[in-house]
>>> print(open('upload11.cif').read())   # mmCIF, C-alpha atoms
data_query
#
loop_
_atom_site.label_atom_id
_atom_site.label_comp_id
_atom_site.auth_asym_id
_atom_site.auth_seq_id
_atom_site.Cartn_x
_atom_site.Cartn_y
_atom_site.Cartn_z
CA MET V 122 -6.28 -80.32 -34.72
CA VAL V 123 -5.25 -83.97 -34.58
CA SER V 124 -3.12 -85.07 -37.47
CA GLY V 125 -3.27 -88.54 -38.98
CA GLY V 126 -0.86 -91.32 -38.26
CA PRO V 127 1.91 -92.57 -40.56
CA GLY V 128 0.97 -92.44 -44.22
CA GLY V 129 -2.01 -90.15 -43.56
CA ALA V 130 -3.97 -92.74 -41.56
CA ALA V 131 -7.03 -91.53 -39.68
CA PRO V 132 -6.41 -90.53 -36.03
CA SER V 133 -7.10 -93.16 -33.41
CA PRO V 134 -10.19 -92.93 -31.15
CA GLN V 135 -7.86 -92.08 -28.24
CA ALA V 136 -6.35 -89.17 -30.18
CA ARG V 137 -9.81 -87.87 -31.11
CA ARG V 138 -10.94 -88.00 -27.46
CA ALA V 139 -7.80 -86.12 -26.37
CA ALA V 140 -8.41 -83.40 -28.97
CA ALA V 141 -12.05 -83.05 -27.90
CA ALA V 142 -11.05 -82.72 -24.25
CA SER V 143 -8.46 -80.09 -25.12
CA ARG V 144 -11.01 -78.01 -27.07
CA ALA V 145 -13.59 -78.21 -24.28
CA LEU V 146 -11.14 -77.27 -21.54
CA SER V 147 -9.93 -74.21 -23.42
CA SER V 148 -13.44 -72.72 -23.38
CA PRO V 149 -13.91 -70.44 -20.33
CA GLY V 150 -17.03 -70.62 -18.21
CA GLN V 151 -17.84 -74.27 -18.96
CA ARG V 152 -18.16 -77.06 -16.43
CA VAL V 153 -16.59 -80.18 -17.84
CA PRO V 154 -17.74 -83.46 -16.25
CA SER V 155 -14.33 -85.04 -16.71
CA ALA V 156 -11.07 -83.96 -18.24
CA PRO V 157 -9.11 -87.13 -18.89
CA ALA V 158 -6.21 -87.57 -21.23
CA ALA V 159 -6.48 -89.95 -24.18
CA GLY V 160 -6.25 -92.93 -21.87
CA GLY V 161 -8.67 -91.45 -19.33
CA SER V 162 -6.02 -90.45 -16.79
CA ALA V 163 -4.86 -87.13 -15.34
CA GLY V 164 -2.21 -86.61 -17.99
CA ALA V 165 -4.13 -84.03 -20.05
CA TRP V 166 -2.48 -80.61 -20.27
CA LEU V 167 -4.85 -77.77 -19.47
CA SER V 168 -3.74 -74.49 -20.99
CA PRO V 169 -5.74 -71.39 -19.96
CA GLY V 170 -6.16 -68.96 -22.85
CA GLY V 171 -5.24 -65.43 -22.41
CA GLY V 172 -3.15 -62.89 -24.32
CA GLY V 173 -0.18 -62.64 -21.97
CA LEU V 174 3.24 -63.69 -23.17
CA CYS V 175 2.91 -67.11 -21.58
CA GLY V 176 -0.62 -67.58 -22.97
CA ALA V 177 -2.29 -67.56 -19.57
CA ARG V 178 -5.19 -65.34 -18.55
CA GLY V 179 -4.14 -62.41 -16.37
CA CYS V 180 -0.43 -62.57 -17.22
CA SER V 181 1.08 -59.09 -17.12
CA ARG V 182 3.98 -60.05 -19.39
CA LYS V 183 2.78 -58.97 -22.84
CA ALA V 184 4.04 -60.18 -26.18
CA GLY V 185 6.98 -58.06 -27.29
CA SER V 186 7.99 -57.18 -23.74
CA GLU V 187 10.90 -59.64 -23.81
CA LYS V 188 13.81 -59.95 -26.19
CA GLY V 189 15.06 -63.32 -27.34
CA PRO V 190 13.19 -66.64 -27.45
CA ARG V 191 9.71 -66.86 -26.00
CA ARG V 192 9.77 -68.59 -22.61
CA ALA V 193 7.14 -69.88 -20.21
CA CYS V 194 6.81 -68.69 -16.62
CA SER V 195 9.78 -70.55 -15.18
CA ALA V 196 8.47 -70.53 -11.60
CA TRP V 197 5.78 -73.08 -12.51
CA PRO V 198 6.85 -76.69 -13.10
CA ASP V 199 4.29 -78.99 -14.76
CA LEU V 200 1.70 -81.00 -12.86
CA PRO V 201 -0.58 -83.55 -14.54
CA GLY V 202 -3.96 -81.96 -15.24
CA LEU V 203 -2.57 -78.41 -15.06
CA LYS V 204 0.07 -76.89 -17.35
CA LEU V 205 1.88 -74.94 -14.65
CA SER V 206 4.60 -73.80 -17.03
CA LEU V 207 1.90 -71.81 -18.87
CA LEU V 208 0.59 -70.00 -15.79
CA PRO V 209 1.61 -66.39 -15.16
CA LEU V 210 3.92 -65.44 -12.32
CA CYS V 211 0.99 -63.62 -10.69
CA ALA V 212 -1.07 -66.82 -10.37
CA LYS V 213 -1.64 -68.46 -6.99
CA LEU V 214 -1.96 -72.21 -6.66
CA VAL V 215 -3.91 -73.37 -3.61
CA LEU V 216 -4.19 -76.99 -2.46
CA VAL V 217 -7.53 -77.76 -0.76
CA LEU V 218 -7.97 -81.07 1.05
CA GLY V 219 -9.24 -82.58 4.27
CA ASP V 220 -10.81 -85.49 6.18
CA LEU V 221 -7.66 -87.61 6.04
CA HIS V 222 -8.46 -89.57 9.23
CA ILE V 223 -4.94 -91.04 9.32
CA PRO V 224 -4.34 -93.60 10.84
CA HIS V 225 -7.78 -94.31 12.33
CA ARG V 226 -9.69 -94.89 9.09
CA CYS V 227 -6.92 -94.95 6.45
CA SER V 228 -3.19 -95.71 6.48
CA GLY V 229 -2.24 -92.74 4.30
CA LEU V 230 -2.78 -90.76 1.11
CA PRO V 231 -3.10 -92.77 -2.11
CA VAL V 232 0.31 -93.29 -3.72
CA LYS V 233 -0.87 -91.71 -6.98
CA PHE V 234 -1.87 -88.53 -5.11
CA LYS V 235 1.51 -88.37 -3.37
CA LYS V 236 3.26 -88.55 -6.74
CA LEU V 237 1.32 -85.45 -7.84
CA LEU V 238 1.77 -83.50 -4.61
CA VAL V 239 5.45 -82.65 -4.57
CA PRO V 240 7.25 -79.67 -3.00
CA GLY V 241 7.77 -76.43 -4.88
CA LYS V 242 4.48 -76.23 -6.78
CA ILE V 243 1.92 -75.00 -4.24
CA GLN V 244 1.77 -71.56 -2.58
CA HIS V 245 -1.00 -72.18 -0.04
CA ILE V 246 -2.71 -75.15 1.62
CA LEU V 247 -6.25 -75.00 3.02
CA CYS V 248 -7.31 -78.02 5.07
CA THR V 249 -10.86 -78.71 6.25
CA GLY V 250 -9.60 -80.69 9.24
CA ASN V 251 -9.46 -84.24 10.57
CA LEU V 252 -5.74 -84.55 9.96
CA CYS V 253 -5.75 -86.35 13.32
CA THR V 254 -1.95 -86.58 13.74
CA GLU V 255 1.01 -84.23 13.80
CA GLU V 256 2.68 -86.48 11.23
CA SER V 257 0.00 -85.54 8.68
CA TYR V 258 0.60 -81.87 9.44
CA ASP V 259 4.36 -82.34 9.02
CA TYR V 260 3.75 -83.92 5.61
CA LEU V 261 1.72 -80.90 4.47
CA ARG V 262 4.54 -78.65 5.64
CA THR V 263 6.82 -80.33 3.11
CA LEU V 264 4.47 -79.17 0.33
CA SER V 265 4.03 -75.52 1.37
CA ALA V 266 5.04 -73.26 4.22
CA ASP V 267 1.69 -71.45 4.23
CA ILE V 268 -0.88 -73.82 5.76
CA HIS V 269 -4.33 -73.01 7.14
CA ILE V 270 -6.23 -75.72 9.04
CA VAL V 271 -9.51 -75.83 10.94
CA ARG V 272 -10.47 -78.40 13.56
CA GLY V 273 -12.48 -81.41 12.47
CA ASP V 274 -15.06 -83.27 14.51
CA SER V 275 -12.73 -86.27 15.06
CA GLU V 276 -9.67 -84.30 16.04
CA SER V 277 -7.90 -83.49 19.29
CA LEU V 278 -5.36 -81.10 17.77
CA ASN V 279 -5.89 -77.48 18.70
CA TYR V 280 -6.97 -75.81 15.47
CA PRO V 281 -9.55 -72.97 15.18
CA GLU V 282 -13.19 -73.68 14.31
CA GLU V 283 -13.08 -71.37 11.29
CA LYS V 284 -10.67 -69.16 9.38
CA VAL V 285 -10.84 -66.45 6.71
CA ILE V 286 -7.89 -66.18 4.34
CA THR V 287 -7.27 -63.70 1.56
CA VAL V 288 -5.59 -64.98 -1.61
CA GLY V 289 -5.30 -62.39 -4.35
CA GLN V 290 -8.71 -60.75 -4.80
CA PHE V 291 -10.62 -63.52 -3.01
CA ARG V 292 -11.72 -63.79 0.61
CA ILE V 293 -11.92 -67.50 1.39
CA GLY V 294 -13.76 -68.96 4.36
CA LEU V 295 -12.64 -72.30 5.78
CA ILE V 296 -14.66 -74.58 8.08
CA HIS V 297 -14.83 -78.31 8.71
CA GLY V 298 -18.55 -78.56 7.99
CA HIS V 299 -20.00 -80.48 10.94
CA GLN V 300 -21.39 -77.14 12.15
CA VAL V 301 -23.64 -76.97 9.07
CA ILE V 302 -27.03 -78.55 9.75
CA PRO V 303 -28.15 -80.45 7.74
CA TRP V 304 -24.66 -81.46 6.58
CA GLY V 305 -23.88 -79.87 3.22
CA ASP V 306 -27.17 -77.95 3.11
CA VAL V 307 -26.91 -75.09 0.61
CA ALA V 308 -29.06 -72.61 2.57
CA SER V 309 -27.05 -73.25 5.75
CA LEU V 310 -23.77 -72.88 3.88
CA ALA V 311 -25.00 -69.62 2.33
CA LEU V 312 -25.88 -68.26 5.76
CA LEU V 313 -22.37 -68.99 7.00
CA GLN V 314 -20.90 -67.46 3.86
CA ARG V 315 -22.74 -64.23 4.59
CA GLN V 316 -21.65 -64.25 8.22
CA LEU V 317 -18.01 -64.65 7.23
CA ASP V 318 -18.41 -62.22 4.29
CA VAL V 319 -16.38 -64.37 1.89
CA ASP V 320 -16.29 -64.93 -1.86
CA ILE V 321 -15.51 -68.63 -1.54
CA LEU V 322 -16.59 -70.96 1.26
CA ILE V 323 -14.68 -74.22 1.72
CA SER V 324 -16.13 -76.97 3.90
CA GLY V 325 -15.72 -80.71 4.35
CA HIS V 326 -17.16 -83.38 6.66
CA THR V 327 -19.36 -85.15 4.08
CA HIS V 328 -16.26 -86.78 2.49
CA ARG V 329 -17.74 -86.13 -0.96
CA PHE V 330 -16.40 -83.61 -3.48
CA GLU V 331 -18.71 -80.79 -4.49
CA ALA V 332 -18.23 -77.42 -6.15
CA PHE V 333 -20.97 -75.03 -7.19
CA GLU V 334 -21.92 -71.37 -7.55
CA HIS V 335 -24.82 -70.01 -5.52
CA GLU V 336 -25.97 -66.38 -5.47
CA ASN V 337 -22.69 -65.22 -7.07
CA LYS V 338 -20.55 -67.00 -4.46
CA PHE V 339 -18.51 -70.18 -4.83
CA TYR V 340 -18.66 -73.25 -2.60
CA ILE V 341 -16.13 -76.09 -2.50
CA ASN V 342 -16.05 -79.37 -0.60
CA PRO V 343 -12.77 -81.16 -1.47
CA GLY V 344 -14.02 -84.52 -0.16
CA SER V 345 -11.70 -86.92 1.65
CA ALA V 346 -8.14 -87.02 0.36
CA THR V 347 -7.72 -90.60 1.59
CA GLY V 348 -11.19 -91.92 0.79
CA ALA V 349 -11.91 -92.41 4.49
CA TYR V 350 -15.39 -93.66 5.28
CA SER V 351 -17.94 -91.27 6.74
CA PRO V 352 -20.69 -91.87 9.31
CA LEU V 353 -23.17 -92.18 6.43
CA GLU V 354 -21.19 -93.99 3.74
CA THR V 355 -18.32 -96.46 3.40
CA ASN V 356 -17.67 -96.29 -0.36
CA ILE V 357 -15.84 -92.95 -0.65
CA THR V 358 -13.87 -91.74 -3.69
CA PRO V 359 -10.54 -90.14 -2.65
CA SER V 360 -10.28 -86.55 -3.86
CA PHE V 361 -8.51 -83.23 -3.45
CA VAL V 362 -8.73 -79.83 -5.14
CA LEU V 363 -6.28 -77.39 -6.67
CA MET V 364 -7.38 -73.78 -7.12
CA ASP V 365 -5.59 -71.65 -9.70
CA ILE V 366 -6.31 -68.05 -8.68
CA GLN V 367 -5.59 -65.37 -11.27
CA ALA V 368 -6.94 -61.85 -10.73
CA SER V 369 -10.76 -62.13 -10.41
CA THR V 370 -10.96 -65.71 -11.71
CA VAL V 371 -10.43 -69.00 -9.93
CA VAL V 372 -10.16 -72.24 -11.88
CA THR V 373 -10.81 -75.30 -9.72
CA TYR V 374 -9.34 -78.67 -10.60
CA VAL V 375 -10.64 -81.66 -8.68
CA TYR V 376 -8.54 -84.80 -8.67
CA GLN V 377 -10.43 -88.04 -7.97
CA LEU V 378 -9.05 -91.57 -7.74
CA ILE V 379 -11.56 -93.71 -9.63
CA GLU V 380 -10.79 -97.38 -10.21
CA ASP V 381 -7.09 -96.74 -9.50
CA ASP V 382 -6.94 -93.97 -12.11
CA VAL V 383 -6.71 -90.24 -11.35
CA LYS V 384 -9.44 -88.25 -13.11
CA VAL V 385 -9.49 -84.46 -13.37
CA GLU V 386 -12.46 -82.08 -13.54
CA ARG V 387 -12.23 -78.35 -14.25
CA ILE V 388 -14.69 -75.70 -12.99
CA GLU V 389 -14.27 -71.94 -13.43
CA PHE V 390 -15.66 -69.18 -11.22
CA LYS V 391 -15.37 -65.46 -11.86
CA LYS V 392 -15.83 -62.96 -9.06
CA HIS V 393 -18.82 -60.68 -9.66
#
>>> encode(input="upload11.cif", output="structure tokens")
Amino acid sequence: MVSGGPGGAAPSPQARRAAAASRALSSPGQRVPSAPAAGGSAGAWLSPGGGGLCGARGCSRKAGSEKGPRRACSAWPDLPGLKLSLLPLCAKLVLVLGDLHIPHRCSGLPVKFKKLLVPGKIQHILCTGNLCTEESYDYLRTLSADIHIVRGDSESLNYPEEKVITVGQFRIGLIHGHQVIPWGDVASLALLQRQLDVDILISGHTHRFEAFEHENKFYINPGSATGAYSPLETNITPSFVLMDIQASTVVTYVYQLIEDDVKVERIEFKKH
């Protein structure tokens, strides 16, 4: 509920939009086109509902299990777009990104992305390839020690063509995506998903973010983290993805840099 301003004045339009976004994002199973804060940026706090002590779904710490003041899960500092201090200790935060093409097509990650991606918040990194330099790999190592990378089509570094990683209850397949013909084709992606026997398939190459459920499986394309141009398009929106994995549920947050402002979208998938 949004309270009025001084003297009981009606809430501002910005405050009303913030309250509406908060209500929508607290409803499980909904796909929200955009989750901006009052000013349209990535400052909105997203608080998963749940029943655990910290208020997050899947938290094993129940109310009454601790003496003294209620506290949040201290292992999770806050990140814009995601209230990490409200996530349970059992949650896994996975950074998904790719198609950096540094320095051939872009000089580096957007500054506003770098301010969000700081050490100590991310457990795993999954990269769809086209890092292109060891310097880009070294940068990712500063964010997390557990990194999984596949080889892109514009890359000379010796990474595998595909990988399967298990995070919590989910088997996650990772490919670059140039192997999928036509590029991004749902039927071709589904065939590869079945071959790898995974719950989530992550691919890149198209440089455009996409996330969808198909035949009870989840598909993610994080886009290009730098906004590097692709063979088919030059106007690319920079984007990356954070996956919050808790038990049989994964909540995906996509961060996109639109008109120099970071926008956040939330999509939830539950394992069947």
>>> residues_around(input="upload11.cif", residues="V:Gly219", least_positions_apart="5", cutoff="8 Å", atoms="all atoms listed in the file", output="ChimeraX atom specification")
/V:248-252,325,343-346,361
>>> resolve_selection(input="upload11.cif", expression="the PyMOL selection byres ((chain V and resi 225-239) around 7)", output="mmCIF file with C-alpha atoms, keeping the file's coordinate frame")
data_model
loop_
_atom_site.group_PDB
_atom_site.id
_atom_site.type_symbol
_atom_site.label_atom_id
_atom_site.label_comp_id
_atom_site.auth_asym_id
_atom_site.auth_seq_id
_atom_site.Cartn_x
_atom_site.Cartn_y
_atom_site.Cartn_z
ATOM 1 C CA LEU V 200 1.700 -81.000 -12.860
ATOM 2 C CA HIS V 222 -8.460 -89.570 9.230
ATOM 3 C CA ILE V 223 -4.940 -91.040 9.320
ATOM 4 C CA PRO V 224 -4.340 -93.600 10.840
ATOM 5 C CA PRO V 240 7.250 -79.670 -3.000
ATOM 6 C CA GLY V 241 7.770 -76.430 -4.880
ATOM 7 C CA LYS V 242 4.480 -76.230 -6.780
ATOM 8 C CA LEU V 264 4.470 -79.170 0.330
ATOM 9 C CA ALA V 346 -8.140 -87.020 0.360
ATOM 10 C CA THR V 347 -7.720 -90.600 1.590
ATOM 11 C CA ALA V 349 -11.910 -92.410 4.490
ATOM 12 C CA TYR V 350 -15.390 -93.660 5.280
#
>>> resolve_selection(input="upload11.cif", expression="the PyMOL selection byres ((chain V and resi 391) around 9)", output="list in words")
Gly150, Asn337, Ser369, Thr370, Val371, Val372, Glu389, Phe390, Lys392 and His393 of chain V
>>> closest_residue(input="upload11.cif", among="V:Ile321, V:Val301, V:Ile357, V:Leu218", to="V:Val271", atoms="all atoms listed in the file")
V:Leu218
>>> closest_residue(input="upload11.cif", among="V:Val215, V:Ile296, V:Met364, V:Ile323", to="V:Ile268", atoms="only C-alpha atoms")
V:Val215
>>> resolve_selection(input="upload11.cif", expression="the PyMOL selection byres ((chain V and resi 363) around 7)", output="PyMOL selection string")
chain V and resi 214-217+362+364-365+373-375
>>> closest_residue(input="upload11.cif", among="V:Thr327, V:Ser309, V:Asn342, V:Thr287", to="V:Ile366", atoms="only C-alpha atoms")
V:Thr287
>>> atom_distance(input="upload11.cif", atom1="atom CA of V:Val319", atom2="atom CA of V:Arg262")
25.6 Å
>>> closest_residue(input="upload11.cif", among="V:Asp318, V:Val307, V:Asp267, V:Gly273", to="V:His335", atoms="all atoms listed in the file")
V:Val307
>>> atom_distance(input="upload11.cif", atom1="atom CA of V:Ile270", atom2="atom CA of V:Gly298")
12.7 Å
>>> closest_residue(input="upload11.cif", among="V:Val385, V:Leu261, V:Ile243, V:Ile341", to="V:Ala311", atoms="only C-alpha atoms")
V:Ile341
>>> closest_residue(input="upload11.cif", among="V:Ser351, V:Asp381, V:Asp259, V:Glu283", to="V:Gln316", atoms="only C-alpha atoms")
V:Glu283
>>> atom_distance(input="upload11.cif", atom1="atom CA of V:Val383", atom2="atom CA of V:Ala368")
28.4 Å
>>> axis_aligned_box(input="upload11.cif", around="stretch 292-304 of chain V", padding_each_side="8 Å", output="AutoDock Vina command-line options")
--center_x -19.9 --center_y -72.6 --center_z 6.4 --size_x 32.4 --size_y 33.7 --size_z 27.5
